[in-house]
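Reviewing the structure listed below.
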Amino acid sequence: MADETEVIVVGSGAGGGMMAHTLTTSGVNVLLLEAGRRYEPESDAAMFQLPKEAPLRGEGTPDKNDGYFDANIGGFEMPGQPYTYENEQFRWWRSRQLGGRTHHFGRQTPRYGPEDFKVQTMTGREVDWPFSYDDIEPFYDRVETIMGIFGPNADEAVYNSPLPPNHIRQKPPAPRASEMIFQKALKKMGIKTMAHPTAILTSPLNGRQACFYATNCIRGCSIGAAFDSVTAYIKPAEQTGNLNIITHAVAYEILTDESGEKATGVRYIDTQSGEKKEVFAKVVVLAPGAMESSRILLNSKSASAPNGLANSSGMVGKYISDTLFTSLWIHIPELDYAPAHNEDGVSQPHVYAPWWLHGDAKEKDGADFSSGYKIEVDPYRGGRFGPPSPNATFRIMLHGQKGLYGKKLKDHMRRYYGSLLGIRTLGGMSVNENCYLSIDPDVKDKWGVPVPRFHWQWSDEDYRRGEHMNKTLHELAKNMGANVIFDAFDKSREAGKIMEIAGEVNHEIGGCRMGDDPTTSVLNEFSQTWDVDNLYIADGAPFVTHVEKNPTLTIMAMSMRAADNIIERLKGNDL
Amino acid sequence: MSKKQKMTANRRRVLKLMAIAGTSAAYLQNYPNMANAQVSQKGYGQDVDVNNPVVTWDKTLDANQLKSLSVIGDLIIPADDKSPSASQLNITDFVDYFDLQLYLMQFLLL
């Protein structure tokens, strides 16, 4: 191994893991800083534990938001590491473990489409990305090849929802019974359905096993079927001999030379000793999670960067976004008392409907918002998909029921177990200037580092999109022959708004967006900061628009593109 | 909040829980000490050992309360030819670990 660290990567999740993998396999010496501990999916993932083995039957608590056996170490609140918000509430999901949030990750990996990078050109709203789909396509191919992905036949692709080529994709699992009813109803509505591209193996790959369709991916995957950053990126990176990892290292400041135009290293807190330490390298890559990247830059103040590093545009922390989400709990009488059938599978939807309204059809429909939404059956809710916590299903089975006990109760449960189902839409968000984070002037974390303060405001366009999503779900329920049991939207409407709490979909991105113009963006198209030549960002912070496609695959494709740029520049002695 | 107020709040939540579970709240009024949970010590934290789960707080019910709970449980979930009763599954154990000062269960919020 070379003695000198060439690149420091902060964070080991989707973006940081990908960065470390691409750099080390090309012979670059990398130091990876991870805020949490080492996490070994083989031994740490609770794939087979039963609810009865856990305190409170594994039910979610403030300590473990998604249940005792959830693979995530962290959650919406972490003791001693607060954040604040003004205006509307924002919730910030975090992880403290090697591999970051990829263990808890839903593994849905749709590609952004050509229009998604050119929203301004297409709609006159928001702004364009500094690159096109053609520029990023080869990186999507390469990332998907390493991750392993199942998806539909590439020929099924609809407009603006591109699919991995057939030589990359593995075959998807067959639709479940409830999903066949879902498909039939959508067909009646003229909406096409297909398998959802998902980073779960259905055939073995690189020593990783195929999924056996029985456990919930958010518990982590000890057989390597569900993608995570440790299994697919960090372990192969370690095998190159080019990777050093420091765990329990919370980065909080970027060090620069006098000019402020060159990063020299990173300051971090060793959480085990509480000491503040420094590490140095030729290149610094931030990938601690989009919101954390903005926080670190804003906290890296100096004489040459009084408003925070790489912030001459004043754009650091601006234009953050999260996925717009609505769901319904429905009851399908057709499935009442149904005997056990094909309820197994991956803990993700086997089919979905990509956004279908474009051009004239969109205009005719009156859908007045930029990006659309996708529709799915929610496998976490309802059906019999089980070892995953069935608690939500049981709760909803009793929703609105009174005086139910004894034989009547048992009969009720047998009738509804398997005939209740969640259907959901995940929508884009119209990125707007009223969503940003700044540094709270008063509140500090337990190490004395100032924390982010979030400011959030959904736009009128988001409200229109949300209403459209809700309306479509009700129409779908009707076409499925289903009764609506619970509409989460109703609850928000009662509270005087129709949106759920921002951040809760865990798709928060933006804050250091890329662009063509250094005065209106933080990064260039290779995720390199305009102001600091050797500083890159490889998490969700560079995003320009927020469409209905889950962001993780695009985070990784951009991280790989940035890594290639770093490798090229290192070879050319440009760094 | 005084200790008494806390206990009252606790009791209300347990009553609500039992109501959700499908029983009659009026029946439970006869058992005013059902939820005498003490103020909790400590949760299990965010980094748990999934292979050796431990409950980090004390159980809350005494022998009489457990007995009452067992009877109520079997009224709500009796055994039949297909599945066992609440007491056969030791559901009292589950309720006994409710420390509502520590963890306000999500299903009380639905």
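To be explicit about the labels: the chains of the structure tokens are called A, B, and onward in the order shown, and within each one the residues are counted from 1, while ligands get numbers from 1 in the order they are shown.
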
Selection: 9 Å around Thr554 (chain A), only C-alpha atoms, excl. self and same-chain fewer than 6 positions, as JSON, numbers by chain: {"A": [109, 110, 111, 112, 136, 140, 540, 543]}

Write the selection just made, keeping N, CA and C atoms, as a compact mmCIF listing (two decimals), in the first residue's frame?
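The resulting file, part.txt, is shown below:
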# COMPACT_ATOMS: atom_id res chain seq x y z
N THR A 109 -34.13 1.09 -7.24
CA THR A 109 -33.09 1.78 -8.00
C THR A 109 -33.53 2.16 -9.42
N PRO A 110 -34.56 3.00 -9.53
CA PRO A 110 -34.92 3.49 -10.86
C PRO A 110 -33.91 4.53 -11.34
N ARG A 111 -33.73 4.58 -12.66
CA ARG A 111 -32.87 5.63 -13.24
C ARG A 111 -33.66 6.91 -13.43
N TYR A 112 -32.99 8.03 -13.27
CA TYR A 112 -33.59 9.29 -13.73
C TYR A 112 -33.69 9.21 -15.26
N ILE A 136 -24.68 10.42 -18.28
CA ILE A 136 -24.68 9.61 -17.05
C ILE A 136 -25.01 8.14 -17.32
N TYR A 140 -24.65 4.66 -14.97
CA TYR A 140 -25.77 3.82 -14.50
C TYR A 140 -25.46 2.35 -14.82
N GLY A 540 -26.07 12.91 -1.75
CA GLY A 540 -27.25 13.42 -2.44
C GLY A 540 -27.26 14.94 -2.60
N PHE A 543 -27.86 17.12 -6.13
CA PHE A 543 -29.08 17.03 -6.94
C PHE A 543 -29.67 18.40 -7.28

Hey, could you make a per-residue contact list for chain A against chain B with 7 Å as the cut-off, showing the nearest pair of atoms and its distance in Å to one decimal, counting only C-alpha atoms, sorted by chain and number, as a tab-separated table?
residue	atom	partner	partner_atom	distance
A:Ala46	CA	B:Val50	CA	6.0
A:Ala54	CA	B:Pro53	CA	5.8
A:Pro55	CA	B:Val55	CA	5.6
A:Leu56	CA	B:Phe94	CA	6.1
A:Gly60	CA	B:Gln106	CA	6.7
A:Thr61	CA	B:Tyr103	CA	5.9
A:Pro62	CA	B:Tyr103	CA	6.7
A:Asp63	CA	B:Gln46	CA	5.0
A:Lys64	CA	B:Gln46	CA	5.9
A:Phe69	CA	B:Val50	CA	6.4
A:Ile73	CA	B:Asp47	CA	5.5
A:Gly74	CA	B:Gln46	CA	5.8
A:Arg395	CA	B:Phe107	CA	6.7
A:Lys402	CA	B:Gly22	CA	6.0
A:Gly403	CA	B:Gly22	CA	5.3
A:Leu404	CA	B:Gly22	CA	4.5
A:Tyr405	CA	B:Ile76	CA	4.5
A:Gly406	CA	B:Ile76	CA	4.6

Selection near Asp378 (chain A), 8 Å with only C-alpha atoms, sequence-local residues under 4 positions removed, as an NGL selection string: :A and (348-349 or 382 or 421-424)

Residue contacts of Ile330 (chain A) (8 Å, only C-alpha atoms) excluding same-chain residues fewer than 4 positions away, as a list in words: Leu420, Leu421, Gly422, Ile423, Ala477, Ala482, Asn483, Val484, Ile485 and Phe486 of chain A

Shell of 9 Å around region 119-132 of chain A, only C-alpha atoms, local chain residues under 5 positions omitted, as a list in words: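 In the requested form, the answer reads Pro114, Glu137, Phe369, Ser370, Ser371, Ser430, Val431, Asn432, Arg513, Met514, Gly515, Asp516, Asn524, Glu525, Phe543, Val544 and Thr545 of chain A.
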
Within 8 Å of region 67-72 of chain B using only C-alpha atoms, minus same-chain residues under 3 positions, as a PyMOL selection string: chain B and resi 63-64+75-76+86-87+91-92

Between CA of Leu286 (chain A) and CA of Ile8 (chain A), distance in Å (one decimal):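 CA of Ile8 (chain A) lies 8.3 Å from CA of Leu286 (chain A).
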
Separation of CA of Gly15 (chain A) from CA of Ile555 (chain A) in Å: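 Separating CA of Ile555 (chain A) from CA of Gly15 (chain A) is a distance of 5.9 Å.
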
DSSP-assigned strand (DSSP E or B) members of region 252-480 of chain A, reported as a ChimeraX atom specification: /A:252-256,263-270,276-280,283-286,318-321,324-331,352-353,373-382,420-427,429,436-444,450-456

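The smallest atom-to-atom distance between Glu253 (chain A) and any of A:Phe227, A:Trp356, A:Phe280, A:Tyr268, using only C-alpha atoms, is found for A:Tyr268.
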